$ cat work09.csv   # CSV, C-alpha atoms and all ligand atoms
chain,number,residue,atom,x,y,z
T,1,MET,CA,-22.8,35.6,-4.9
T,2,ALA,CA,-24.9,35.9,-8.0
T,3,ARG,CA,-27.0,39.0,-8.4
T,4,VAL,CA,-30.7,38.1,-8.2
T,5,GLN,CA,-33.3,39.9,-10.3
T,6,TYR,CA,-36.4,40.3,-8.3
T,7,THR,CA,-39.5,42.4,-7.6
T,8,LEU,CA,-41.0,42.9,-4.3
T,9,LEU,CA,-44.7,42.4,-3.6
T,10,ASP,CA,-46.3,45.8,-3.2
T,11,ASP,CA,-48.5,44.8,-0.4
T,12,ALA,CA,-45.8,42.6,1.3
T,13,ARG,CA,-48.2,39.8,1.9
T,14,PRO,CA,-46.9,37.4,4.5
T,15,LEU,CA,-46.2,33.9,3.3
T,16,PRO,CA,-48.6,31.2,4.5
T,17,SER,CA,-45.8,29.7,6.6
T,18,SER,CA,-45.2,33.1,8.4
T,19,PRO,CA,-45.7,33.0,12.1
T,20,LEU,CA,-47.9,36.0,11.5
T,21,SER,CA,-50.6,33.7,10.1
T,22,LEU,CA,-50.7,31.8,13.4
T,23,LEU,CA,-51.6,34.9,15.4
T,24,THR,CA,-55.3,35.5,15.7
T,25,GLY,CA,-57.2,38.8,15.6
T,26,LEU,CA,-54.5,40.4,13.6
T,27,SER,CA,-55.1,42.3,10.4
T,28,CYS,CA,-51.7,42.8,8.9
T,29,ASP,CA,-52.2,44.1,5.4
T,30,LYS,CA,-49.1,46.3,5.8
T,31,ALA,CA,-47.0,43.8,7.8
T,32,ASP,CA,-43.5,43.2,6.5
T,33,GLY,CA,-42.6,39.9,8.1
T,34,ARG,CA,-41.6,38.1,4.9
T,35,TRP,CA,-41.7,39.0,1.3
T,36,LEU,CA,-40.5,37.4,-1.9
T,37,LEU,CA,-37.9,38.1,-4.5
T,38,ASN,CA,-39.1,37.1,-8.0
T,39,ASP,CA,-36.9,34.0,-7.9
T,40,ARG,CA,-38.9,33.0,-4.8
T,41,THR,CA,-36.0,33.9,-2.4
T,42,ALA,CA,-37.7,35.1,0.8
T,43,ILE,CA,-36.5,38.0,2.9
T,44,SER,CA,-37.6,38.1,6.5
T,45,ILE,CA,-37.4,40.7,9.2
T,46,ARG,CA,-37.1,40.0,12.9
T,47,ALA,CA,-35.7,41.5,16.1
T,48,ALA,CA,-32.1,40.7,16.6
T,49,ARG,CA,-31.4,38.3,19.4
T,50,PRO,CA,-28.4,37.7,21.7
T,51,ASP,CA,-27.4,34.7,19.5
T,52,ASP,CA,-27.2,37.0,16.4
T,53,THR,CA,-23.8,38.5,17.2
T,54,ALA,CA,-22.1,36.4,14.4
T,55,MET,CA,-24.8,37.4,12.0
T,56,LEU,CA,-24.4,41.1,12.8
T,57,GLN,CA,-20.6,40.9,12.4
T,58,ILE,CA,-20.9,39.2,9.0
T,59,LEU,CA,-23.1,42.0,7.8
T,60,VAL,CA,-20.8,44.8,9.1
T,61,ARG,CA,-17.5,43.1,8.0
T,62,GLY,CA,-19.0,42.7,4.5
T,63,LEU,CA,-19.9,46.4,4.1
T,64,SER,CA,-17.9,48.6,1.8
T,65,LEU,CA,-15.8,51.3,3.3
T,66,LYS,CA,-18.4,53.8,2.0
T,67,SER,CA,-21.4,52.1,3.6
T,68,ARG,CA,-19.5,51.8,6.9
T,69,HIS,CA,-18.7,55.4,6.8
T,70,LEU,CA,-22.3,56.4,5.9
T,71,ARG,CA,-23.8,54.2,8.6
T,72,PHE,CA,-21.2,54.7,11.5
T,73,PHE,CA,-19.6,58.0,10.4
T,74,HIS,CA,-16.2,56.2,10.5
T,75,ALA,CA,-15.1,53.1,8.8
T,76,ILE,CA,-15.2,50.6,11.6
T,77,ARG,CA,-14.1,47.1,10.8
T,78,GLU,CA,-16.5,45.3,13.0
T,79,LEU,CA,-18.9,45.9,15.9
T,80,LEU,CA,-17.2,46.3,19.3
T,81,PRO,CA,-18.7,44.3,22.2
T,82,ASP,CA,-20.7,47.1,23.7
T,83,LEU,CA,-22.5,47.8,20.4
T,84,LEU,CA,-23.0,44.1,19.8
T,85,ALA,CA,-24.6,43.8,23.2
T,86,GLN,CA,-26.8,46.9,22.6
T,87,PHE,CA,-27.9,45.6,19.1
T,88,THR,CA,-29.1,42.3,20.6
T,89,ARG,CA,-31.0,43.4,23.7
T,90,ALA,CA,-34.4,44.1,22.1
T,91,ASP,CA,-36.2,46.2,24.7
T,92,PRO,CA,-38.6,48.5,22.7
T,93,THR,CA,-38.5,51.2,25.4
T,94,GLN,CA,-34.7,51.4,25.3
T,95,GLU,CA,-33.1,49.9,22.2
T,96,MET,CA,-34.3,47.8,19.3
T,97,SER,CA,-32.5,46.2,16.4
T,98,LEU,CA,-34.1,44.5,13.4
T,99,LEU,CA,-32.3,42.1,11.1
T,100,ALA,CA,-33.4,41.4,7.5
T,101,LEU,CA,-32.3,38.0,6.3
T,102,ILE,CA,-32.4,36.0,3.1
T,103,GLN,CA,-32.3,32.3,2.7
T,104,GLN,CA,-29.3,31.3,0.6
T,105,ASP,CA,-27.9,27.8,0.1
T,106,GLY,CA,-29.9,26.6,3.0
T,107,GLN,CA,-28.5,29.3,5.3
T,108,GLN,CA,-29.8,32.6,6.6
T,109,MET,CA,-27.7,35.5,5.4
T,110,PRO,CA,-28.1,39.0,6.9
T,111,VAL,CA,-28.8,41.7,4.3
T,112,ALA,CA,-29.8,44.7,6.4
T,113,MET,CA,-30.1,45.9,10.0
T,114,ALA,CA,-31.8,48.9,11.5
T,115,GLN,CA,-31.9,50.0,15.1
T,116,TYR,CA,-33.0,52.7,17.5
T,117,VAL,CA,-31.8,53.8,20.9
T,118,SER,CA,-34.2,55.7,23.0
T,119,ALA,CA,-32.7,58.7,24.8
T,120,PRO,CA,-34.5,59.6,26.8
T,121,TYR,CA,-37.6,57.4,26.9
T,122,PRO,CA,-40.3,58.3,25.9
T,123,GLU,CA,-39.4,61.6,24.2
T,124,ARG,CA,-37.2,60.4,21.4
T,125,CYS,CA,-35.1,57.8,19.9
T,126,ASP,CA,-32.1,57.8,17.4
T,127,PHE,CA,-32.3,55.4,14.5
T,128,ALA,CA,-29.8,54.1,11.9
T,129,VAL,CA,-30.0,51.6,9.1
T,130,VAL,CA,-27.7,49.9,6.6
T,131,VAL,CA,-28.3,47.5,3.7
T,132,ALA,CA,-25.5,45.2,2.4
T,133,ASP,CA,-24.0,46.8,-0.6
T,134,MET,CA,-25.0,44.3,-3.2
T,135,TRP,CA,-28.6,44.4,-1.9
T,136,GLN,CA,-28.9,48.2,-1.9
T,137,ARG,CA,-31.5,49.9,-4.2
T,138,HIS,CA,-33.9,47.0,-4.2
T,139,GLY,CA,-36.5,48.2,-1.8
T,140,ILE,CA,-35.1,46.5,1.2
T,141,GLY,CA,-34.0,49.4,3.4
T,142,ILE,CA,-37.4,50.9,3.8
T,143,ARG,CA,-38.9,47.6,5.3
T,144,PRO,CA,-36.8,47.4,8.5
T,145,LEU,CA,-37.3,51.1,9.0
T,146,ARG,CA,-41.1,50.9,8.7
T,147,ASN,CA,-41.1,48.0,11.2
T,148,LEU,CA,-38.8,50.0,13.5
T,149,ILE,CA,-41.1,53.0,13.4
T,150,CYS,CA,-44.1,50.8,14.2
T,151,ILE,CA,-42.3,49.3,17.2
T,152,ALA,CA,-41.1,52.7,18.4
T,153,SER,CA,-44.6,54.1,18.1
T,154,ALA,CA,-46.2,51.1,19.9
T,155,ALA,CA,-43.6,51.5,22.7
T,156,GLY,CA,-44.9,55.0,23.3
T,157,LEU,CA,-41.9,56.9,21.8
T,158,GLU,CA,-42.9,60.3,20.6
T,159,MET,CA,-40.2,61.2,18.1
T,160,ILE,CA,-37.7,59.2,15.9
T,161,GLU,CA,-34.6,61.0,14.8
T,162,GLY,CA,-31.4,60.3,12.9
T,163,ASP,CA,-28.2,62.1,12.1
T,164,VAL,CA,-27.5,61.8,8.4
T,165,LEU,CA,-24.5,63.0,6.5
T,166,ASP,CA,-25.3,65.8,4.1
T,167,GLU,CA,-23.5,63.9,1.3
T,168,ASN,CA,-25.8,60.9,1.8
T,169,GLU,CA,-28.3,61.4,-0.9
T,170,PRO,CA,-29.9,57.9,-0.7
T,171,ILE,CA,-30.9,58.2,3.0
T,172,ARG,CA,-32.0,61.8,2.5
T,173,GLN,CA,-34.3,60.7,-0.3
T,174,LEU,CA,-35.5,57.7,1.7
T,175,MET,CA,-36.2,60.0,4.7
T,176,LYS,CA,-38.3,62.3,2.5
T,177,ASP,CA,-40.2,59.3,1.0
T,178,MET,CA,-41.0,58.2,4.6
T,179,GLY,CA,-42.3,61.6,5.7
T,180,PHE,CA,-39.3,62.6,7.8
T,181,THR,CA,-38.4,66.3,8.0
T,182,LEU,CA,-34.7,67.2,7.2
T,183,ALA,CA,-33.3,70.1,9.1
T,184,PRO,CA,-29.8,71.7,9.6
T,185,HIS,CA,-27.8,70.0,12.3
T,186,PRO,CA,-26.3,72.0,15.3
T,187,ASP,CA,-23.0,70.1,14.8
T,188,GLY,CA,-22.3,71.6,11.4
T,189,PRO,CA,-23.3,71.7,7.7
T,190,TYR,CA,-21.9,68.2,7.0
T,191,LEU,CA,-24.8,66.7,9.0
T,192,MET,CA,-28.6,66.9,8.7
T,193,LYS,CA,-31.1,66.0,11.4
T,194,ALA,CA,-33.9,63.8,10.1
T,195,PHE,CA,-37.0,63.6,12.4
T,196,LYS,CA,-40.5,62.3,12.4
T,197,PRO,CA,-43.1,62.6,15.2
T,198,LEU,CA,-44.6,59.3,16.1
T,199,ALA,CA,-48.2,58.2,17.0
T,200,PRO,CA,-49.5,54.7,17.8
T,201,PRO,CA,-49.8,53.0,14.4
T,202,ALA,CA,-53.1,51.7,13.1
T,203,TRP,CA,-51.6,48.4,12.2
T,204,LYS,CA,-49.4,45.8,13.9
T,205,CYS,CA,-46.1,45.1,12.2
T,206,TYR,CA,-44.7,41.7,12.0
T,207,ALA,CA,-41.7,42.3,14.3
T,208,TRP,CA,-43.9,43.8,17.0
T,209,ALA,CA,-46.4,41.0,16.8
T,210,ALA,CA,-43.5,38.5,17.1
T,211,LEU,CA,-42.2,40.2,20.2
T,212,LEU,CA,-45.6,40.3,21.8
T,213,SER,CA,-46.2,36.6,21.0
T,214,ARG,CA,-42.9,35.7,22.7
T,215,GLY,CA,-43.7,37.8,25.7
T,216,ARG,CA,-40.7,40.0,25.1
T,217,VAL,CA,-42.5,43.2,25.8
T,218,GLY,CA,-42.8,43.3,29.6
T,219,GLY,CA,-43.6,45.9,32.2
T,220,LYS,CA,-45.9,48.2,30.2
T,221,SER,CA,-49.2,47.4,28.5
T,222,PHE,CA,-48.7,48.1,24.8
T,223,SER,CA,-51.5,45.8,23.6
T,224,ASP,CA,-53.8,48.6,22.7
T,225,HIS,CA,-51.4,49.9,20.1
T,226,CYS,CA,-50.9,48.6,16.6
T,227,VAL,CA,-54.1,46.6,16.4
T,228,ASN,CA,-56.5,47.4,13.6
O,1,LIG,C1,-29.6,54.3,2.7
O,1,LIG,C2,-29.9,52.9,2.5
O,1,LIG,C3,-30.3,52.2,3.8
O,1,LIG,C4,-31.1,52.7,1.6
O,1,LIG,O1,-31.5,51.3,1.5
O,1,LIG,P1,-31.9,50.6,0.2
O,1,LIG,O2,-32.4,49.3,0.4
O,1,LIG,O3,-30.8,50.8,-0.8
O,1,LIG,O4,-33.1,51.6,-0.3
O,1,LIG,P2,-34.4,51.2,-1.0
O,1,LIG,O5,-34.1,50.4,-2.2
O,1,LIG,O6,-35.4,50.7,0.0
O,1,LIG,O7,-34.9,52.6,-1.6
O,1,LIG,C5,-35.9,53.3,-1.0
O,1,LIG,C6,-35.8,54.8,-1.4
O,1,LIG,O8,-34.6,55.3,-0.9
O,1,LIG,C7,-34.1,56.3,-1.9
O,1,LIG,N1,-32.8,55.8,-2.4
O,1,LIG,C8,-32.2,54.6,-2.2
O,1,LIG,N2,-31.0,54.5,-2.8
O,1,LIG,C9,-30.9,55.6,-3.4
O,1,LIG,C10,-29.9,56.2,-4.3
O,1,LIG,N3,-28.7,55.5,-4.5
O,1,LIG,N4,-30.0,57.4,-4.8
O,1,LIG,C11,-31.1,58.1,-4.6
O,1,LIG,N5,-32.2,57.7,-3.8
O,1,LIG,C12,-32.0,56.5,-3.3
O,1,LIG,C13,-35.1,56.3,-3.0
O,1,LIG,O9,-36.1,57.3,-2.7
O,1,LIG,C14,-35.8,54.9,-2.9
O,1,LIG,O10,-37.1,54.9,-3.5
O,1,LIG,P3,-37.2,54.5,-5.0
O,1,LIG,O11,-36.5,53.2,-5.2
O,1,LIG,O12,-38.7,54.4,-5.2
O,1,LIG,O13,-36.6,55.6,-5.8
O,1,LIG,C15,-28.7,52.1,1.8
O,1,LIG,O14,-28.4,52.8,0.7
O,1,LIG,C16,-27.5,52.0,2.7
O,1,LIG,O15,-27.4,51.0,3.5
O,1,LIG,N6,-26.6,52.9,2.7
O,1,LIG,C17,-25.4,52.9,3.5
O,1,LIG,C18,-25.6,53.1,4.9
O,1,LIG,C19,-26.4,54.4,5.2
O,1,LIG,O16,-26.2,55.4,4.4
O,1,LIG,N7,-27.2,54.4,6.2
O,1,LIG,C20,-27.9,55.6,6.6
O,1,LIG,C21,-27.3,56.2,7.9
O,1,LIG,S1,-28.6,56.3,9.1
$ encode --input "work09.csv" --output "structure tokens" --more "lines below"
Ligand SMILES: CC(C)(COP(=O)(O)OP(=O)(O)OC[C@H]1O[C@@H](n2cnc3c(N)ncnc32)[C@H](O)[C@@H]1OP(=O)(O)O)[C@@H](O)C(=O)NCCC(=O)NCCS
Amino acid sequence: MARVQYTLLDDARPLPSSPLSLLTGLSCDKADGRWLLNDRTAISIRAARPDDTAMLQILVRGLSLKSRHLRFFHAIRELLPDLLAQFTRADPTQEMSLLALIQQDGQQMPVAMAQYVSAPYPERCDFAVVVADMWQRHGIGIRPLRNLICIASAAGLEMIEGDVLDENEPIRQLMKDMGFTLAPHPDGPYLMKAFKPLAPPAWKCYAWAALLSRGRVGGKSFSDHCVN
């Protein structure tokens, strides 16, 4: 795959064709639904669905050993069925996975995924993120994470946490950029605990809006959250 030179739009304006523009009463100046590379390649973010299992496997199988180790703490070859099921359930009070996709040769290709699992709801959730190796360091990883934080906040979760390897300078830097606190981990010096208290966000992210519009958020009323 040829490397693409690109810049991201600072304000991540949704494209006119984005479903976001079809939702009324929504001010989404910080929404991340779709944004453009400078060659006009679009990246989009959405919740992973049950029919995304092949897409998730393509992403994981394509990761370098190092990225698999940093994301899963051991070099798994592919996602086992229980993780695949978990990553495609999309229940914001329990577990949420987001996929970042690019359009390439008429096909959607996964370039990143981020997920959280709530344990227990609503006190906290654990997150993780990975970007395909050739797409790292291009401002992609922060987007699914920001959307994930919006969804977790809107779902009423009070804290988002992640275990990160001490050697993992990129995620440690990203955590600091995103206002996470890094603290020693009880399991040993090779791990750090990253955490950030959550509050209902003042804006509605694309992925959350899409879930609401598809009626995927049942049971509880979250509609007061995330709306400007
Ligand atoms: C960590 C990871 C998700 C970052 O995603 P990314 O798309 O490459 O990161 P971004 O381009 O969005 O960078 C955002 C910020 O992260 C930090 N960062 C990213 N890569 C970095 C690197 N190689 N060195 C230092 N800081 C880095 C920087 O602060 C960067 O901001 P800047 O570009 O303004 O300097 C990606 O490197 C990855 O998938 N790594 C393997 C899996 C992993 O470590 N997952 C975390 C376990 S939870």
$ residues_near_ligand --input "work09.csv" --ligand "ligand LIG 1 (chain O)" --cutoff "6 Å" --atoms "all atoms listed in the file" --output "PyMOL selection string"
chain T and resi 67+70-71+128-131+136-142+164+169-171+173-174+177
$ write_last_selection --input "work09.csv" --atoms "C-alpha atoms" --output "PDB file, in the frame of the given file"
ATOM      1  CA  SER T  67     -21.400  52.100   3.600  1.00  0.00           C
ATOM      2  CA  LEU T  70     -22.300  56.400   5.900  1.00  0.00           C
ATOM      3  CA  ARG T  71     -23.800  54.200   8.600  1.00  0.00           C
ATOM      4  CA  ALA T 128     -29.800  54.100  11.900  1.00  0.00           C
ATOM      5  CA  VAL T 129     -30.000  51.600   9.100  1.00  0.00           C
ATOM      6  CA  VAL T 130     -27.700  49.900   6.600  1.00  0.00           C
ATOM      7  CA  VAL T 131     -28.300  47.500   3.700  1.00  0.00           C
ATOM      8  CA  GLN T 136     -28.900  48.200  -1.900  1.00  0.00           C
ATOM      9  CA  ARG T 137     -31.500  49.900  -4.200  1.00  0.00           C
ATOM     10  CA  HIS T 138     -33.900  47.000  -4.200  1.00  0.00           C
ATOM     11  CA  GLY T 139     -36.500  48.200  -1.800  1.00  0.00           C
ATOM     12  CA  ILE T 140     -35.100  46.500   1.200  1.00  0.00           C
ATOM     13  CA  GLY T 141     -34.000  49.400   3.400  1.00  0.00           C
ATOM     14  CA  ILE T 142     -37.400  50.900   3.800  1.00  0.00           C
ATOM     15  CA  VAL T 164     -27.500  61.800   8.400  1.00  0.00           C
ATOM     16  CA  GLU T 169     -28.300  61.400  -0.900  1.00  0.00           C
ATOM     17  CA  PRO T 170     -29.900  57.900  -0.700  1.00  0.00           C
ATOM     18  CA  ILE T 171     -30.900  58.200   3.000  1.00  0.00           C
ATOM     19  CA  GLN T 173     -34.300  60.700  -0.300  1.00  0.00           C
ATOM     20  CA  LEU T 174     -35.500  57.700   1.700  1.00  0.00           C
ATOM     21  CA  ASP T 177     -40.200  59.300   1.000  1.00  0.00           C
TER      22      ASP T 177
END
$ closest_atom_pairs --input "work09.csv" --of "stretch 139-201 of chain T" --to "stretch 94-97 of chain T" --cutoff "9 Å" --atoms "all atoms listed in the file" --output "CSV"
residue,atom,partner,partner_atom,distance
T:Leu148,CA,T:Met96,CA,7.7
T:Ile151,CA,T:Met96,CA,8.4
T:Ala152,CA,T:Met96,CA,8.4
$ atom_distance --input "work09.csv" --atom1 "atom CA of T:Leu182" --atom2 "atom CA of T:Asn168"
12.2 Å
$ closest_residue --input "work09.csv" --among "T:Ala85, T:Leu80, T:Ala90, T:Leu191" --to "T:Tyr116" --atoms "only C-alpha atoms"
T:Ala90
$ residues_around --input "work09.csv" --residues "T:Ser64" --least-positions-apart "5" --cutoff "10 Å" --atoms "only C-alpha atoms" --output "ChimeraX atom specification"
/T:69-70,75,77,132-134
$ residues_around --input "work09.csv" --residues "T:Cys125" --least-positions-apart "6" --cutoff "10 Å" --atoms "all atoms listed in the file" --output "list of chain:residue names"
T:Thr93, T:Gln94, T:Glu95, T:Gln115, T:Tyr116, T:Val117, T:Ser118, T:Ala119, T:Ala152, T:Leu157, T:Glu158, T:Met159, T:Ile160, T:Glu161, T:Gly162, T:Phe195
$ closest_residue --input "work09.csv" --among "T:Gly62, T:Gly156, T:Gly179, T:Pro81" --to "T:Tyr121" --atoms "only C-alpha atoms"
T:Gly156
$ closest_residue --input "work09.csv" --among "T:Ala199, T:Leu84, T:Val60, T:Leu145" --to "T:Asp126" --atoms "only C-alpha atoms"
T:Leu145
$ closest_residue --input "work09.csv" --among "T:Pro186, T:Pro122, T:Pro92, T:Pro110" --to "T:Asp52" --atoms "only C-alpha atoms"
T:Pro110
$ atom_distance --input "work09.csv" --atom1 "atom CA of T:His74" --atom2 "atom CA of T:Thr53"
20.4 Å
$ residues_around --input "work09.csv" --residues "T:Asp187" --least-positions-apart "2" --cutoff "12 Å" --atoms "all atoms listed in the file" --output "list of chain:residue names"
T:Asp163, T:Val164, T:Leu165, T:Asp166, T:Ala183, T:Pro184, T:His185, T:Pro189, T:Tyr190, T:Leu191, T:Met192, T:Lys193
$ atom_distance --input "work09.csv" --atom1 "atom CA of T:Phe72" --atom2 "atom CA of T:Gln86"
14.7 Å
$ closest_residue --input "work09.csv" --among "T:Ile76, T:Met109, T:Ala114, T:Leu99" --to "T:Gly33" --atoms "only C-alpha atoms"
T:Leu99
$ residues_near_point --input "work09.csv" --point "(-34.9, 39.2, 9.6)" --cutoff "8 Å" --atoms "only C-alpha atoms" --output "VMD selection string"
chain T and resid 33 43 to 48 98 to 102 110
